[in-house]
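Have a look at upload.txt below; it lists compact mmCIF, C-alpha atoms.
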# COMPACT_ATOMS: atom_id res chain seq x y z
CA MET C 1 15.52 16.13 -12.14
CA THR C 2 12.26 14.23 -12.34
CA VAL C 3 11.41 11.75 -9.62
CA THR C 4 11.63 8.16 -10.88
CA ILE C 5 9.99 5.16 -9.24
CA THR C 6 10.15 1.49 -10.15
CA ALA C 7 7.22 -0.85 -10.67
CA PHE C 8 6.44 -4.32 -12.00
CA GLU C 9 6.54 -4.75 -15.75
CA ARG C 10 3.91 -7.48 -15.31
CA SER C 11 2.27 -6.99 -11.94
CA PRO C 12 1.07 -10.12 -10.12
CA ASP C 13 -1.88 -8.13 -8.76
CA ARG C 14 -3.35 -7.99 -12.28
CA GLY C 15 -3.81 -4.24 -12.18
CA ASN C 16 -5.88 -4.18 -9.00
CA GLY C 17 -3.79 -1.50 -7.33
CA LEU C 18 -2.29 -3.80 -4.69
CA ALA C 19 1.36 -3.67 -5.77
CA ARG C 20 3.24 -1.33 -3.46
CA ASP C 21 4.23 1.14 -6.15
CA MET C 22 0.57 2.20 -5.89
CA ARG C 23 1.41 3.89 -2.58
CA LEU C 24 4.07 6.03 -4.22
CA ARG C 25 1.94 6.85 -7.24
CA TRP C 26 -0.94 7.92 -4.98
CA ALA C 27 1.26 10.02 -2.68
CA LEU C 28 2.91 11.76 -5.63
CA GLU C 29 -0.48 12.45 -7.20
CA GLU C 30 -1.80 13.87 -3.92
CA VAL C 31 1.05 16.38 -3.69
CA GLY C 32 1.15 17.18 -7.41
CA GLN C 33 4.70 15.92 -7.95
CA PRO C 34 5.42 14.75 -11.53
CA TYR C 35 7.18 11.42 -11.75
CA GLU C 36 8.41 8.81 -14.18
CA VAL C 37 8.12 5.04 -13.82
CA ARG C 38 10.80 2.54 -14.75
CA LEU C 39 9.21 -0.85 -15.32
CA LEU C 40 11.14 -3.94 -14.30
CA SER C 41 10.84 -7.61 -15.15
CA PHE C 42 11.24 -10.13 -12.34
CA LYS C 43 14.66 -10.97 -13.82
CA ALA C 44 15.76 -7.33 -13.81
CA MET C 45 14.72 -6.98 -10.16
CA LYS C 46 17.47 -9.46 -9.21
CA GLU C 47 20.21 -7.90 -11.31
CA PRO C 48 23.02 -5.72 -9.85
CA ALA C 49 21.67 -2.40 -11.13
CA HIS C 50 18.42 -2.80 -9.21
CA LEU C 51 19.99 -4.50 -6.19
CA ALA C 52 22.16 -1.41 -5.78
CA LEU C 53 18.94 0.51 -5.15
CA GLN C 54 16.93 -2.21 -3.41
CA PRO C 55 19.13 -4.84 -1.72
CA PHE C 56 16.22 -7.29 -1.40
CA GLY C 57 15.34 -7.22 -5.09
CA GLN C 58 11.85 -5.80 -4.65
CA ILE C 59 9.84 -2.81 -5.83
CA PRO C 60 9.25 0.06 -5.48
CA THR C 61 12.28 2.29 -5.35
CA TYR C 62 12.45 6.09 -5.52
CA GLU C 63 15.16 8.21 -7.12
CA ASP C 64 15.40 12.00 -7.00
CA GLY C 65 18.76 13.36 -8.06
CA ASP C 66 21.39 11.71 -5.90
CA LEU C 67 18.82 10.38 -3.41
CA ALA C 68 17.73 6.75 -3.76
CA LEU C 69 15.23 5.19 -1.36
CA PHE C 70 13.46 1.87 -0.93
CA GLU C 71 10.60 0.62 1.30
CA SER C 72 7.24 2.07 0.33
CA GLY C 73 6.39 3.41 3.79
CA ALA C 74 9.69 5.27 4.08
CA ILE C 75 9.23 6.72 0.61
CA VAL C 76 5.69 7.90 1.35
CA PHE C 77 7.01 9.51 4.54
CA HIS C 78 9.73 11.27 2.55
CA ILE C 79 7.20 12.54 0.01
CA ALA C 80 4.89 13.72 2.80
CA GLU C 81 7.71 15.56 4.56
CA ARG C 82 8.74 17.41 1.40
CA HIS C 83 5.28 18.54 0.34
CA ALA C 84 2.28 20.08 2.08
CA SER C 85 -1.02 18.20 2.49
CA LEU C 86 0.00 14.68 3.53
CA LEU C 87 1.18 15.61 7.03
CA PRO C 88 -0.41 18.25 9.30
CA ASP C 89 1.49 21.39 10.28
CA ASP C 90 0.48 21.06 13.93
CA THR C 91 3.20 19.16 15.80
CA ASN C 92 0.89 16.85 17.74
CA ALA C 93 -1.37 16.12 14.76
CA ARG C 94 1.73 15.39 12.68
CA ALA C 95 2.97 12.91 15.27
CA ARG C 96 -0.43 11.19 15.32
CA ALA C 97 -0.46 10.92 11.51
CA ILE C 98 2.99 9.32 11.57
CA THR C 99 1.76 6.93 14.26
CA TRP C 100 -1.03 5.80 11.91
CA MET C 101 1.55 5.24 9.17
CA PHE C 102 3.41 2.87 11.47
CA ALA C 103 0.17 1.23 12.61
CA ALA C 104 -0.84 0.50 9.02
CA LEU C 105 2.50 -1.13 8.13
CA ASN C 106 3.50 -2.74 11.43
CA THR C 107 0.17 -3.78 12.98
CA LEU C 108 -2.42 -4.22 10.23
CA GLU C 109 -0.38 -5.21 7.19
CA PRO C 110 1.49 -8.29 8.50
CA PRO C 111 -1.54 -10.54 9.15
CA ILE C 112 -3.46 -9.18 6.15
CA PHE C 113 -0.54 -9.80 3.78
CA ASP C 114 0.10 -13.21 5.36
CA ARG C 115 -3.54 -14.07 4.63
CA SER C 116 -2.96 -13.35 0.94
CA LEU C 117 0.16 -15.52 0.87
CA VAL C 118 -1.49 -18.39 2.73
CA ARG C 119 -4.37 -18.46 0.26
CA ILE C 120 -1.90 -18.66 -2.63
CA LEU C 121 0.90 -20.83 -1.25
CA GLU C 122 -0.66 -23.06 1.41
CA ARG C 123 -4.11 -23.91 0.05
CA ASP C 124 -3.20 -27.59 -0.44
CA GLU C 125 -1.52 -28.00 2.93
CA PRO C 126 -3.26 -29.95 5.72
CA TRP C 127 -3.04 -26.96 8.07
CA TYR C 128 -4.56 -24.50 5.58
CA GLU C 129 -8.02 -24.10 7.15
CA GLN C 130 -6.63 -23.79 10.68
CA ARG C 131 -3.99 -21.28 9.60
CA LEU C 132 -6.52 -19.17 7.68
CA ALA C 133 -8.98 -19.21 10.58
CA ALA C 134 -6.27 -18.03 12.99
CA LEU C 135 -5.29 -15.16 10.68
CA ASP C 136 -8.92 -14.16 10.16
CA LYS C 137 -9.47 -14.07 13.91
CA SER C 138 -6.43 -11.84 14.38
CA ILE C 139 -7.47 -9.56 11.53
CA ARG C 140 -11.02 -9.18 12.84
CA LYS C 141 -9.69 -8.21 16.25
CA LEU C 142 -7.53 -5.49 14.70
CA LEU C 143 -10.33 -4.25 12.46
CA ALA C 144 -12.66 -4.01 15.44
CA GLY C 145 -10.21 -1.67 17.15
CA LEU C 146 -9.70 0.38 14.00
CA SER C 147 -13.45 0.59 13.40
CA SER C 148 -14.06 1.74 16.96
CA HIS C 149 -11.45 4.46 16.60
CA LEU C 150 -12.73 5.70 13.23
CA GLY C 151 -16.36 5.80 14.30
CA ASP C 152 -18.29 8.22 12.07
CA ALA C 153 -15.24 10.25 11.06
CA ASP C 154 -14.09 10.55 7.47
CA TRP C 155 -10.40 10.01 8.28
CA LEU C 156 -8.32 8.62 11.12
CA ASP C 157 -7.34 11.95 12.67
CA GLY C 158 -8.96 15.02 11.20
CA ALA C 159 -7.90 15.72 7.61
CA PHE C 160 -6.71 13.05 5.17
CA SER C 161 -3.04 12.25 5.74
CA ALA C 162 -0.28 9.83 4.81
CA GLY C 163 -1.59 7.66 7.65
CA ASP C 164 -4.88 7.24 5.81
CA LEU C 165 -3.11 6.66 2.51
CA LEU C 166 -1.10 3.75 3.88
CA MET C 167 -3.97 2.35 5.93
CA VAL C 168 -6.27 2.23 2.91
CA THR C 169 -3.66 0.48 0.74
CA VAL C 170 -3.45 -2.19 3.44
CA LEU C 171 -7.22 -2.59 3.93
CA ARG C 172 -7.83 -2.93 0.20
CA ARG C 173 -6.24 -6.38 0.32
CA LEU C 174 -9.33 -7.55 2.22
CA GLN C 175 -11.89 -6.36 -0.31
CA SER C 176 -12.42 -9.78 -1.89
CA SER C 177 -12.48 -11.62 1.46
CA GLY C 178 -15.83 -10.37 2.77
CA ILE C 179 -14.16 -9.46 6.07
CA LEU C 180 -13.95 -5.73 5.43
CA GLU C 181 -17.70 -5.55 4.79
CA GLU C 182 -18.30 -6.76 8.36
CA TYR C 183 -17.18 -3.25 9.41
CA PRO C 184 -19.35 -0.86 7.35
CA ASN C 185 -17.53 2.27 8.46
CA LEU C 186 -14.20 0.80 7.34
CA ALA C 187 -15.63 -0.27 3.98
CA ALA C 188 -16.98 3.28 3.56
CA TYR C 189 -13.60 4.69 4.62
CA VAL C 190 -11.84 2.75 1.87
CA ALA C 191 -14.46 3.76 -0.70
CA ARG C 192 -14.07 7.40 0.32
CA ALA C 193 -10.31 7.20 -0.26
CA GLU C 194 -10.77 5.44 -3.61
CA ALA C 195 -13.01 8.34 -4.71
CA ARG C 196 -10.20 10.87 -4.29
CA PRO C 197 -9.04 12.20 -7.68
CA ALA C 198 -5.39 11.51 -6.83
CA TYR C 199 -6.19 7.89 -6.02
CA LYS C 200 -8.08 7.47 -9.29
CA ARG C 201 -5.18 8.86 -11.31
CA ALA C 202 -2.71 6.57 -9.57
CA PHE C 203 -4.94 3.51 -9.99
CA GLU C 204 -5.54 4.19 -13.67
CA ALA C 205 -1.80 4.64 -14.27
CA GLN C 206 -0.97 1.33 -12.63
CA LEU C 207 -3.83 -0.44 -14.42
CA ALA C 208 -2.60 0.91 -17.76
CA VAL C 209 0.74 -0.84 -17.24
CA PHE C 210 -0.97 -4.18 -16.62
CA SER C 211 -3.31 -3.70 -19.57
CA ALA C 212 -0.40 -2.90 -21.88
CA SER C 213 1.61 -5.92 -20.70
CA SER C 214 -1.40 -8.20 -21.20
CA THR C 215 -1.96 -7.15 -24.79
CA GLY C 216 1.66 -6.69 -25.77

Kindly transcribe the structure held in the file into structure tokens.
Amino acid sequence: MTVTITAFERSPDRGNGLARDMRLRWALEEVGQPYEVRLLSFKAMKEPAHLALQPFGQIPTYEDGDLALFESGAIVFHIAERHASLLPDDTNARARAITWMFAALNTLEPPIFDRSLVRILERDEPWYEQRLAALDKSIRKLLAGLSSHLGDADWLDGAFSAGDLLMVTVLRRLQSSGILEEYPNLAAYVARAEARPAYKRAFEAQLAVFSASSTG
């Protein structure tokens, strides 16, 4: 059976590759796994059929035969475990790559995603500037550590891995903030990942959905 993932019918990211189905698309493109996409409206995401797959009514989900998964990081990990190229064969290198997967989702993503929400939902609140400044300070501290680790290397730990894939999807949320450009090696790191053919195919596929929904 063909792998099926779910994605927004009308993505709020306006086709910029920030919706989390992008992670699955990219991982599947990297490993050469064909897949189908089931597009969902916001209404359909809250209906019983989807809630049976994703109890929180979100996207993406992943179905392969009788296996159904949710949470983008867990799905990327599953894809990486089943196919060569996204996780190293060496035991220690594999453990380090998995560590970077967790670091991307547990350490970097929370304040970066919160920053996006604050700018959308709290802009008119009296605490907005103070809240944004606190998040930016926290983010810069994390980016300084990441930048120091990366140094002049192309990827976080040797060859490109699922750790890089997830880290880049997180860092891309900062591209319009000006913060990422304060760390030239991180900006170059993201650009290097975006130049990968698998990334380009995934981005174009997600953008095509938004373009179709905008003209339909």

Q: For each of C:Asp157, C:Glu181, C:Asp164, C:Glu194, take the minimum atom-to-atom distance to C:Arg96, counting only C-alpha atoms, then give the residue where this is smallest.
A: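 Among the listed residues, the smallest separation from C:Arg96 belongs to C:Asp157.
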
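Straight-line separation from atom CA of C:Ile5 to atom CA of C:Leu171: 23.0 Å.
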
Q. Just how far from atom CA of C:Phe77 is atom CA of C:Thr99, in Å to one decimal?
A.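 So the answer is 11.3 Å.
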
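With distances taken over all atoms listed in the file, C:Leu186 is the one residue among C:Ile179, C:Leu174, C:Val118, C:Leu186 lying closest to C:His149.
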
Kindly provide, as a PDB file with C-alpha atoms, in the coordinates of the input, the polymer residues lying within 9 Å of (11.2, 14.4, -9.3), counting only C-alpha atoms and using the coordinates exactly as they appear in the file.
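Once written, out.pdb looks like this:
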ATOM      1  CA  MET C   1      15.520  16.130 -12.140  1.00  0.00           C
ATOM      2  CA  THR C   2      12.260  14.230 -12.340  1.00  0.00           C
ATOM      3  CA  VAL C   3      11.410  11.750  -9.620  1.00  0.00           C
ATOM      4  CA  THR C   4      11.630   8.160 -10.880  1.00  0.00           C
ATOM      5  CA  GLN C  33       4.700  15.920  -7.950  1.00  0.00           C
ATOM      6  CA  PRO C  34       5.420  14.750 -11.530  1.00  0.00           C
ATOM      7  CA  TYR C  35       7.180  11.420 -11.750  1.00  0.00           C
ATOM      8  CA  GLU C  36       8.410   8.810 -14.180  1.00  0.00           C
ATOM      9  CA  GLU C  63      15.160   8.210  -7.120  1.00  0.00           C
ATOM     10  CA  ASP C  64      15.400  12.000  -7.000  1.00  0.00           C
ATOM     11  CA  GLY C  65      18.760  13.360  -8.060  1.00  0.00           C
TER      12      GLY C  65
END

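One distance worth recording is that between atom CA of C:Arg94 and atom CA of C:Asn106, which is 18.3 Å.
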
**Q.** Nearest to C:Ala144 by atom-to-atom distance, counting all atoms listed in the file, from C:Arg131, C:Arg119, C:Leu180, C:Val76
**A.** C:Leu180

Q: Dig up all the protein and nucleic acid residues within 9 Å of (-7.0, 5.0, 17.8) in the file frame, using only C-alpha atoms, and format them as an MDAnalysis selection string.
A: chainID C and resid 100 145:150 156:157

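Across C:Glu81, C:Glu47, C:Glu125, C:Glu109, the tightest approach to C:Ala97 is made by C:Glu81 when counting all atoms listed in the file.
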